[in-house]
>>> print(open('coords-v7.txt').read())   # compact mmCIF, C-alpha atoms
# COMPACT_ATOMS: atom_id res chain seq x y z
CA MET A 1 2.34 2.52 -24.65
CA THR A 2 5.65 0.77 -25.08
CA SER A 3 6.48 -2.54 -23.49
CA THR A 4 8.36 -2.20 -20.20
CA ASP A 5 10.38 -5.04 -18.66
CA LEU A 6 9.11 -4.86 -15.09
CA THR A 7 11.39 -7.71 -13.96
CA ALA A 8 14.46 -5.61 -14.75
CA MET A 9 13.39 -2.89 -12.31
CA THR A 10 14.21 -2.70 -8.61
CA GLY A 11 11.18 -2.49 -6.33
CA LEU A 12 11.72 1.24 -5.92
CA GLU A 13 11.98 1.77 -9.69
CA LEU A 14 8.84 -0.30 -10.33
CA LEU A 15 6.73 1.63 -7.83
CA ARG A 16 7.93 4.96 -9.18
CA TRP A 17 7.11 3.75 -12.71
CA LEU A 18 3.60 2.78 -11.53
CA GLN A 19 3.18 6.19 -9.92
CA ALA A 20 4.20 7.89 -13.17
CA THR A 21 1.85 5.77 -15.28
CA ASP A 22 -1.01 6.63 -12.89
CA GLN A 23 -0.29 10.33 -13.43
CA GLU A 24 -0.26 9.80 -17.21
CA GLY A 25 -3.64 8.07 -17.07
CA LEU A 26 -2.15 4.69 -18.04
CA ASP A 27 -3.07 2.88 -14.82
CA ARG A 28 -3.35 -0.88 -15.26
CA PRO A 29 -6.16 -2.90 -13.65
CA SER A 30 -5.35 -3.26 -9.95
CA ILE A 31 -6.77 -3.03 -6.44
CA ARG A 32 -5.39 0.52 -6.43
CA ARG A 33 -7.55 1.48 -9.38
CA LEU A 34 -10.58 -0.38 -8.02
CA ILE A 35 -10.75 1.58 -4.77
CA GLY A 36 -8.97 4.74 -5.93
CA MET A 37 -5.66 4.50 -4.06
CA ARG A 38 -3.01 7.02 -5.10
CA PHE A 39 0.74 6.90 -4.60
CA ASP A 40 1.62 10.13 -2.75
CA GLU A 41 5.22 9.42 -1.75
CA ILE A 42 7.64 6.64 -2.62
CA GLU A 43 11.11 6.42 -1.14
CA HIS A 44 13.44 3.65 -0.03
CA GLY A 45 11.71 1.90 2.89
CA ARG A 46 8.67 4.18 3.02
CA VAL A 47 5.46 4.57 0.98
CA VAL A 48 2.47 6.90 1.43
CA MET A 49 -0.83 6.24 -0.35
CA SER A 50 -4.25 7.85 -0.02
CA LEU A 51 -7.82 7.49 -1.16
CA ASP A 52 -11.06 9.40 -0.87
CA THR A 53 -13.87 7.58 0.90
CA ARG A 54 -17.20 7.05 -0.83
CA PRO A 55 -20.57 5.45 -0.07
CA ASP A 56 -19.48 2.23 -1.87
CA PHE A 57 -17.13 1.62 1.09
CA THR A 58 -19.99 1.47 3.62
CA ASN A 59 -20.28 -1.38 6.11
CA PRO A 60 -23.66 -2.31 7.68
CA LEU A 61 -23.13 0.37 10.35
CA GLY A 62 -22.78 3.15 7.76
CA THR A 63 -19.07 3.82 8.17
CA VAL A 64 -16.07 2.80 6.06
CA HIS A 65 -15.63 -0.99 6.06
CA GLY A 66 -12.51 -2.11 7.91
CA GLY A 67 -11.34 -3.93 4.81
CA ILE A 68 -10.62 -0.57 3.15
CA ALA A 69 -8.20 0.40 5.94
CA ALA A 70 -6.72 -3.11 5.90
CA THR A 71 -6.20 -2.91 2.12
CA LEU A 72 -4.52 0.48 2.45
CA LEU A 73 -2.28 -0.87 5.21
CA ASP A 74 -1.39 -4.08 3.36
CA SER A 75 -0.56 -2.00 0.29
CA VAL A 76 1.67 0.61 1.93
CA MET A 77 3.50 -1.88 4.14
CA GLY A 78 4.10 -4.35 1.31
CA CYS A 79 5.14 -1.59 -1.08
CA ALA A 80 7.52 -0.17 1.56
CA VAL A 81 9.18 -3.59 1.68
CA HIS A 82 9.18 -3.74 -2.12
CA THR A 83 11.13 -0.46 -2.33
CA THR A 84 14.08 -2.20 -0.66
CA LEU A 85 14.24 -5.20 -3.00
CA PRO A 86 16.56 -5.58 -6.00
CA ALA A 87 15.38 -6.36 -9.53
CA GLY A 88 13.94 -9.85 -9.91
CA VAL A 89 13.11 -10.18 -6.20
CA SER A 90 9.51 -9.99 -5.02
CA TYR A 91 7.54 -10.58 -1.83
CA THR A 92 4.23 -11.81 -0.53
CA SER A 93 2.44 -11.05 2.72
CA LEU A 94 2.73 -13.82 5.30
CA GLU A 95 0.57 -12.10 7.89
CA ILE A 96 -0.95 -8.75 8.74
CA LYS A 97 -2.18 -7.56 12.14
CA VAL A 98 -4.54 -4.59 12.09
CA ASN A 99 -5.72 -2.56 15.06
CA TYR A 100 -8.78 -0.39 14.39
CA ILE A 101 -8.98 2.79 16.45
CA ARG A 102 -12.01 4.68 15.15
CA ALA A 103 -14.52 4.63 12.33
CA ALA A 104 -14.04 6.62 9.14
CA ARG A 105 -16.83 8.46 7.34
CA THR A 106 -17.86 7.67 3.75
CA ASP A 107 -18.38 11.31 2.71
CA GLY A 108 -15.27 11.80 0.60
CA GLN A 109 -12.76 12.41 3.35
CA THR A 110 -9.19 11.52 2.45
CA LEU A 111 -7.59 8.59 4.24
CA THR A 112 -3.80 8.60 4.14
CA ALA A 113 -1.71 5.53 4.91
CA THR A 114 2.02 5.43 5.58
CA GLY A 115 4.05 2.23 5.55
CA SER A 116 7.61 1.97 6.85
CA VAL A 117 10.05 -0.91 6.80
CA VAL A 118 11.21 -2.21 10.16
CA HIS A 119 13.53 -4.99 8.95
CA VAL A 120 14.46 -6.67 5.66
CA GLY A 121 16.34 -9.94 5.72
CA ARG A 122 17.14 -12.59 3.14
CA ARG A 123 13.87 -14.50 3.63
CA THR A 124 11.52 -12.25 5.61
CA ALA A 125 10.77 -8.56 6.04
CA THR A 126 8.64 -6.64 8.52
CA ALA A 127 6.93 -3.29 8.26
CA GLU A 128 4.47 -1.11 10.14
CA GLY A 129 1.76 1.24 8.98
CA LYS A 130 -0.82 3.83 10.00
CA VAL A 131 -4.00 5.20 8.43
CA LEU A 132 -5.02 8.77 9.30
CA ASP A 133 -8.22 10.60 8.41
CA GLY A 134 -8.37 14.09 6.91
CA ASN A 135 -8.10 15.63 10.38
CA GLY A 136 -4.94 13.68 11.19
CA LYS A 137 -6.75 11.30 13.55
CA LEU A 138 -5.57 7.71 13.70
CA ILE A 139 -8.05 5.30 12.06
CA ALA A 140 -5.96 2.10 12.22
CA HIS A 141 -2.41 0.86 12.58
CA ALA A 142 -0.79 -2.45 11.64
CA THR A 143 2.27 -4.61 11.29
CA THR A 144 3.13 -7.17 8.63
CA THR A 145 5.58 -9.94 7.93
CA CYS A 146 6.45 -10.56 4.30
CA LEU A 147 8.17 -13.51 2.66
CA VAL A 148 10.98 -12.35 0.36
CA LEU A 149 10.95 -14.36 -2.86
CA SER A 150 14.29 -14.53 -4.64
CA ALA A 151 14.43 -14.69 -8.40
CA ALA A 152 15.01 -18.45 -8.11
CA SER A 153 11.95 -19.00 -5.81
>>> encode(input="coords-v7.txt", output="structure tokens")
Amino acid sequence: MTSTDLTAMTGLELLRWLQATDQEGLDRPSIRRLIGMRFDEIEHGRVVMSLDTRPDFTNPLGTVHGGIAATLLDSVMGCAVHTTLPAGVSYTSLEIKVNYIRAARTDGQTLTATGSVVHVGRRTATAEGKVLDGNGKLIAHATTTCLVLSAAS
């Protein structure tokens, strides 16, 4: 694998590069790899990711732990913001608000999360997201505020 200057890429270019390296089997260590998140769609201001549930995700009640949905939501909302940022500019989550609607099963069903930008300013950005189960039922929805970090920050 050749060295790639990630700082020279826009947010959109970086995420598309990560998606391509995943497909080539070159995935780097990440939360995505740990829980099996996949990039399904990446466009300016919108990102879709999915994962297949498994017994490792079980909470004490026997359903998918809420942290899995929260991680999916944080990822798609933050990445949606990232797609709008120029090279050398990054972000970090300031807050995330998750509303859980129903439990998800741990039997391999696919959870799909969509994150969409609401607003991007010079210092902050907001986005919203949803997680749906394999039947299209809403599992959770959320909003986030991100701090935009300029290259000089």
>>> residues_around(input="coords-v7.txt", residues="stretch 136-141 of chain A", least_positions_apart="2", cutoff="7 Å", atoms="all atoms listed in the file", output="JSON, numbers by chain")
{"A": [69, 98, 99, 100, 101, 102, 103, 104, 129, 130, 131, 132, 133, 134]}
>>> write_last_selection(input="coords-v7.txt", atoms="C-alpha atoms", output="JSON list (two decimals), in the frame of the given file")
[["chain", "number", "residue", "atom", "x", "y", "z"],
["A", 69, "ALA", "CA", -8.20, 0.40, 5.94],
["A", 98, "VAL", "CA", -4.54, -4.59, 12.09],
["A", 99, "ASN", "CA", -5.72, -2.56, 15.06],
["A", 100, "TYR", "CA", -8.78, -0.39, 14.39],
["A", 101, "ILE", "CA", -8.98, 2.79, 16.45],
["A", 102, "ARG", "CA", -12.01, 4.68, 15.15],
["A", 103, "ALA", "CA", -14.52, 4.63, 12.33],
["A", 104, "ALA", "CA", -14.04, 6.62, 9.14],
["A", 129, "GLY", "CA", 1.76, 1.24, 8.98],
["A", 130, "LYS", "CA", -0.82, 3.83, 10.00],
["A", 131, "VAL", "CA", -4.00, 5.20, 8.43],
["A", 132, "LEU", "CA", -5.02, 8.77, 9.30],
["A", 133, "ASP", "CA", -8.22, 10.60, 8.41],
["A", 134, "GLY", "CA", -8.37, 14.09, 6.91]]
>>> residues_around(input="coords-v7.txt", residues="stretch 86-95 of chain A", least_positions_apart="2", cutoff="6 Å", atoms="only C-alpha atoms", output="PyMOL selection string")
chain A and resi 7-10+144-151
>>> closest_residue(input="coords-v7.txt", among="A:Asp107, A:Gly36, A:Ala125, A:Leu6", to="A:Thr71", atoms="only C-alpha atoms")
A:Gly36
>>> closest_residue(input="coords-v7.txt", among="A:Ala80, A:Ala127, A:Ala113, A:Leu72", to="A:Arg46", atoms="all atoms listed in the file")
A:Ala80
>>> atom_distance(input="coords-v7.txt", atom1="atom CA of A:Pro55", atom2="atom CA of A:Ser116")
29.2 Å
>>> atom_distance(input="coords-v7.txt", atom1="atom CA of A:Glu43", atom2="atom CA of A:Gly78")
13.1 Å
>>> atom_distance(input="coords-v7.txt", atom1="atom CA of A:Asp74", atom2="atom CA of A:Thr58")
19.4 Å
>>> closest_residue(input="coords-v7.txt", among="A:Gln19, A:Thr110, A:Thr4, A:Thr143", to="A:Ile42", atoms="all atoms listed in the file")
A:Gln19
>>> closest_residue(input="coords-v7.txt", among="A:His44, A:Arg38, A:Arg105, A:Lys97", to="A:Val64", atoms="only C-alpha atoms")
A:Arg105
>>> closest_residue(input="coords-v7.txt", among="A:Arg54, A:His82, A:His65, A:Arg28", to="A:Thr126", atoms="only C-alpha atoms")
A:His82
>>> closest_residue(input="coords-v7.txt", among="A:Met49, A:Met77, A:Asn135, A:Ala142", to="A:Thr112", atoms="all atoms listed in the file")
A:Met49
>>> axis_aligned_box(input="coords-v7.txt", around="stretch 7-15 of chain A", padding_each_side="4 Å", output="JSON")
{"center_x": 10.6, "center_y": -3.0, "center_z": -10.3, "size_x": 15.7, "size_y": 17.5, "size_z": 16.8}
>>> decode(input="coords-v7.txt", residues="stretch 1-149 of chain A", atoms="C-alpha atoms", output="PDB file, in the first residue's frame")
ATOM      1  CA  MET A   1       0.000   0.000   0.000  1.00  0.00           C
ATOM      2  CA  THR A   2       1.365   3.392  -0.941  1.00  0.00           C
ATOM      3  CA  SER A   3       1.433   6.338   1.411  1.00  0.00           C
ATOM      4  CA  THR A   4      -1.548   8.659   1.003  1.00  0.00           C
ATOM      5  CA  ASP A   5      -1.564  12.254   2.253  1.00  0.00           C
ATOM      6  CA  LEU A   6      -4.927  12.306   4.016  1.00  0.00           C
ATOM      7  CA  THR A   7      -4.547  15.979   4.988  1.00  0.00           C
ATOM      8  CA  ALA A   8      -4.573  16.987   1.319  1.00  0.00           C
ATOM      9  CA  MET A   9      -8.020  15.454   0.784  1.00  0.00           C
ATOM     10  CA  THR A  10     -11.373  17.164   1.270  1.00  0.00           C
ATOM     11  CA  GLY A  11     -13.692  15.416   3.708  1.00  0.00           C
ATOM     12  CA  LEU A  12     -15.662  13.947   0.816  1.00  0.00           C
ATOM     13  CA  GLU A  13     -12.492  12.664  -0.881  1.00  0.00           C
ATOM     14  CA  LEU A  14     -11.203  11.140   2.367  1.00  0.00           C
ATOM     15  CA  LEU A  15     -14.422   9.244   3.068  1.00  0.00           C
ATOM     16  CA  ARG A  16     -14.597   7.951  -0.494  1.00  0.00           C
ATOM     17  CA  TRP A  17     -10.951   6.841  -0.190  1.00  0.00           C
ATOM     18  CA  LEU A  18     -11.801   5.004   3.057  1.00  0.00           C
ATOM     19  CA  GLN A  19     -14.766   3.345   1.360  1.00  0.00           C
ATOM     20  CA  ALA A  20     -12.531   2.191  -1.494  1.00  0.00           C
ATOM     21  CA  THR A  21      -9.852   0.831   0.847  1.00  0.00           C
ATOM     22  CA  ASP A  22     -12.555  -1.094   2.746  1.00  0.00           C
ATOM     23  CA  GLN A  23     -13.642  -2.706  -0.526  1.00  0.00           C
ATOM     24  CA  GLU A  24     -10.018  -3.595  -1.325  1.00  0.00           C
ATOM     25  CA  GLY A  25      -9.592  -5.250   2.075  1.00  0.00           C
ATOM     26  CA  LEU A  26      -7.152  -2.572   3.267  1.00  0.00           C
ATOM     27  CA  ASP A  27      -9.303  -1.283   6.134  1.00  0.00           C
ATOM     28  CA  ARG A  28      -7.285   0.388   8.881  1.00  0.00           C
ATOM     29  CA  PRO A  29      -8.028  -0.196  12.581  1.00  0.00           C
ATOM     30  CA  SER A  30     -11.133   1.805  13.471  1.00  0.00           C
ATOM     31  CA  ILE A  31     -14.469   1.688  15.262  1.00  0.00           C
ATOM     32  CA  ARG A  32     -15.947   0.850  11.858  1.00  0.00           C
ATOM     33  CA  ARG A  33     -13.853  -2.291  11.609  1.00  0.00           C
ATOM     34  CA  LEU A  34     -14.450  -3.217  15.248  1.00  0.00           C
ATOM     35  CA  ILE A  35     -18.236  -3.375  14.943  1.00  0.00           C
ATOM     36  CA  GLY A  36     -18.461  -4.060  11.212  1.00  0.00           C
ATOM     37  CA  MET A  37     -19.832  -0.766   9.891  1.00  0.00           C
ATOM     38  CA  ARG A  38     -19.836  -0.397   6.108  1.00  0.00           C
ATOM     39  CA  PHE A  39     -20.005   2.754   4.003  1.00  0.00           C
ATOM     40  CA  ASP A  40     -23.012   2.276   1.707  1.00  0.00           C
ATOM     41  CA  GLU A  41     -23.386   5.785   0.273  1.00  0.00           C
ATOM     42  CA  ILE A  42     -21.236   8.896   0.499  1.00  0.00           C
ATOM     43  CA  GLU A  43     -22.252  12.194  -1.054  1.00  0.00           C
ATOM     44  CA  HIS A  44     -21.891  15.849  -0.179  1.00  0.00           C
ATOM     45  CA  GLY A  45     -23.848  16.381   3.057  1.00  0.00           C
ATOM     46  CA  ARG A  46     -25.159  12.818   3.350  1.00  0.00           C
ATOM     47  CA  VAL A  47     -23.692   9.459   4.450  1.00  0.00           C
ATOM     48  CA  VAL A  48     -25.297   6.012   4.782  1.00  0.00           C
ATOM     49  CA  MET A  49     -23.622   3.231   6.769  1.00  0.00           C
ATOM     50  CA  SER A  50     -24.836  -0.195   7.841  1.00  0.00           C
ATOM     51  CA  LEU A  51     -23.872  -3.145   9.981  1.00  0.00           C
ATOM     52  CA  ASP A  52     -25.167  -6.610  10.723  1.00  0.00           C
ATOM     53  CA  THR A  53     -26.133  -7.249  14.322  1.00  0.00           C
ATOM     54  CA  ARG A  54     -24.559 -10.109  16.248  1.00  0.00           C
ATOM     55  CA  PRO A  55     -24.748 -11.625  19.740  1.00  0.00           C
ATOM     56  CA  ASP A  56     -21.666  -9.605  20.820  1.00  0.00           C
ATOM     57  CA  PHE A  57     -23.909  -6.505  20.699  1.00  0.00           C
ATOM     58  CA  THR A  58     -26.286  -7.846  23.370  1.00  0.00           C
ATOM     59  CA  ASN A  59     -27.296  -5.747  26.361  1.00  0.00           C
ATOM     60  CA  PRO A  60     -28.502  -7.380  29.624  1.00  0.00           C
ATOM     61  CA  LEU A  61     -32.040  -7.561  28.181  1.00  0.00           C
ATOM     62  CA  GLY A  62     -30.910  -9.617  25.171  1.00  0.00           C
ATOM     63  CA  THR A  63     -31.346  -6.958  22.499  1.00  0.00           C
ATOM     64  CA  VAL A  64     -28.813  -4.741  20.720  1.00  0.00           C
ATOM     65  CA  HIS A  65     -27.127  -2.355  23.165  1.00  0.00           C
ATOM     66  CA  GLY A  66     -28.111   1.272  22.594  1.00  0.00           C
ATOM     67  CA  GLY A  67     -24.453   2.186  22.216  1.00  0.00           C
ATOM     68  CA  ILE A  68     -24.396   0.400  18.846  1.00  0.00           C
ATOM     69  CA  ALA A  69     -27.171   2.652  17.489  1.00  0.00           C
ATOM     70  CA  ALA A  70     -25.504   5.687  19.082  1.00  0.00           C
ATOM     71  CA  THR A  71     -22.174   4.787  17.453  1.00  0.00           C
ATOM     72  CA  LEU A  72     -23.840   4.368  14.065  1.00  0.00           C
ATOM     73  CA  LEU A  73     -25.585   7.720  14.486  1.00  0.00           C
ATOM     74  CA  ASP A  74     -22.469   9.556  15.673  1.00  0.00           C
ATOM     75  CA  SER A  75     -20.576   8.106  12.710  1.00  0.00           C
ATOM     76  CA  VAL A  76     -23.049   8.954   9.955  1.00  0.00           C
ATOM     77  CA  MET A  77     -23.834  12.425  11.278  1.00  0.00           C
ATOM     78  CA  GLY A  78     -20.172  13.324  11.808  1.00  0.00           C
ATOM     79  CA  CYS A  79     -19.178  11.884   8.445  1.00  0.00           C
ATOM     80  CA  ALA A  80     -22.009  13.813   6.747  1.00  0.00           C
ATOM     81  CA  VAL A  81     -20.523  16.993   8.212  1.00  0.00           C
ATOM     82  CA  HIS A  82     -17.048  15.869   7.145  1.00  0.00           C
ATOM     83  CA  THR A  83     -18.176  15.550   3.513  1.00  0.00           C
ATOM     84  CA  THR A  84     -18.730  19.321   3.432  1.00  0.00           C
ATOM     85  CA  LEU A  85     -15.306  20.319   4.777  1.00  0.00           C
ATOM     86  CA  PRO A  86     -12.308  21.380   2.682  1.00  0.00           C
ATOM     87  CA  ALA A  87      -8.867  19.763   2.890  1.00  0.00           C
ATOM     88  CA  GLY A  88      -7.091  20.407   6.174  1.00  0.00           C
ATOM     89  CA  VAL A  89     -10.327  21.114   8.072  1.00  0.00           C
ATOM     90  CA  SER A  90     -11.693  18.583  10.540  1.00  0.00           C
ATOM     91  CA  TYR A  91     -14.420  18.385  13.177  1.00  0.00           C
ATOM     92  CA  THR A  92     -15.253  16.880  16.525  1.00  0.00           C
ATOM     93  CA  SER A  93     -18.617  16.111  18.091  1.00  0.00           C
ATOM     94  CA  LEU A  94     -19.702  18.650  20.701  1.00  0.00           C
ATOM     95  CA  GLU A  95     -22.910  16.855  21.600  1.00  0.00           C
ATOM     96  CA  ILE A  96     -25.229  14.131  20.402  1.00  0.00           C
ATOM     97  CA  LYS A  97     -28.880  13.617  21.362  1.00  0.00           C
ATOM     98  CA  VAL A  98     -30.277  10.149  20.683  1.00  0.00           C
ATOM     99  CA  ASN A  99     -33.905   9.080  20.870  1.00  0.00           C
ATOM    100  CA  TYR A 100     -34.443   5.310  21.018  1.00  0.00           C
ATOM    101  CA  ILE A 101     -37.698   4.084  19.486  1.00  0.00           C
ATOM    102  CA  ARG A 102     -37.544   0.289  19.619  1.00  0.00           C
ATOM    103  CA  ALA A 103     -35.142  -2.541  20.357  1.00  0.00           C
ATOM    104  CA  ALA A 104     -33.122  -4.247  17.646  1.00  0.00           C
ATOM    105  CA  ARG A 105     -32.482  -7.984  17.516  1.00  0.00           C
ATOM    106  CA  THR A 106     -28.984  -9.504  17.625  1.00  0.00           C
ATOM    107  CA  ASP A 107     -29.676 -12.204  15.011  1.00  0.00           C
ATOM    108  CA  GLY A 108     -27.798 -10.719  12.068  1.00  0.00           C
ATOM    109  CA  GLN A 109     -30.377  -8.216  10.911  1.00  0.00           C
ATOM    110  CA  THR A 110     -28.959  -5.241   9.045  1.00  0.00           C
ATOM    111  CA  LEU A 111     -29.187  -1.845  10.708  1.00  0.00           C
ATOM    112  CA  THR A 112     -28.864   1.068   8.297  1.00  0.00           C
ATOM    113  CA  ALA A 113     -28.083   4.603   9.441  1.00  0.00           C
ATOM    114  CA  THR A 114     -28.406   7.774   7.394  1.00  0.00           C
ATOM    115  CA  GLY A 115     -26.854  11.078   8.412  1.00  0.00           C
ATOM    116  CA  SER A 116     -27.688  14.404   6.773  1.00  0.00           C
ATOM    117  CA  VAL A 117     -26.231  17.851   7.309  1.00  0.00           C
ATOM    118  CA  VAL A 118     -28.611  20.522   8.548  1.00  0.00           C
ATOM    119  CA  HIS A 119     -26.163  23.446   8.729  1.00  0.00           C
ATOM    120  CA  VAL A 120     -22.418  24.034   8.344  1.00  0.00           C
ATOM    121  CA  GLY A 121     -20.931  27.286   9.545  1.00  0.00           C
ATOM    122  CA  ARG A 122     -17.408  28.524  10.153  1.00  0.00           C
ATOM    123  CA  ARG A 123     -17.207  27.162  13.723  1.00  0.00           C
ATOM    124  CA  THR A 124     -20.114  24.742  14.178  1.00  0.00           C
ATOM    125  CA  ALA A 125     -22.161  22.307  12.124  1.00  0.00           C
ATOM    126  CA  THR A 126     -25.363  20.398  12.838  1.00  0.00           C
ATOM    127  CA  ALA A 127     -26.696  17.160  11.415  1.00  0.00           C
ATOM    128  CA  GLU A 128     -29.487  14.666  11.962  1.00  0.00           C
ATOM    129  CA  GLY A 129     -29.645  10.912  11.607  1.00  0.00           C
ATOM    130  CA  LYS A 130     -31.851   7.830  11.670  1.00  0.00           C
ATOM    131  CA  VAL A 131     -31.244   4.112  12.186  1.00  0.00           C
ATOM    132  CA  LEU A 132     -33.643   1.663  10.523  1.00  0.00           C
ATOM    133  CA  ASP A 133     -33.843  -2.101  10.935  1.00  0.00           C
ATOM    134  CA  GLY A 134     -34.031  -4.578   8.060  1.00  0.00           C
ATOM    135  CA  ASN A 135     -37.804  -4.097   7.847  1.00  0.00           C
ATOM    136  CA  GLY A 136     -37.484  -0.326   7.528  1.00  0.00           C
ATOM    137  CA  LYS A 137     -38.673   0.300  11.086  1.00  0.00           C
ATOM    138  CA  LEU A 138     -37.166   3.203  12.981  1.00  0.00           C
ATOM    139  CA  ILE A 139     -34.795   2.056  15.759  1.00  0.00           C
ATOM    140  CA  ALA A 140     -33.405   5.461  16.800  1.00  0.00           C
ATOM    141  CA  HIS A 141     -32.965   9.021  15.589  1.00  0.00           C
ATOM    142  CA  ALA A 142     -30.579  11.765  16.666  1.00  0.00           C
ATOM    143  CA  THR A 143     -29.126  15.215  16.205  1.00  0.00           C
ATOM    144  CA  THR A 144     -25.573  16.421  16.690  1.00  0.00           C
ATOM    145  CA  THR A 145     -23.579  19.605  16.934  1.00  0.00           C
ATOM    146  CA  CYS A 146     -19.993  19.462  15.724  1.00  0.00           C
ATOM    147  CA  LEU A 147     -17.125  21.886  16.265  1.00  0.00           C
ATOM    148  CA  VAL A 148     -15.400  22.716  12.978  1.00  0.00           C
ATOM    149  CA  LEU A 149     -11.629  22.753  13.443  1.00  0.00           C
TER     150      LEU A 149
END
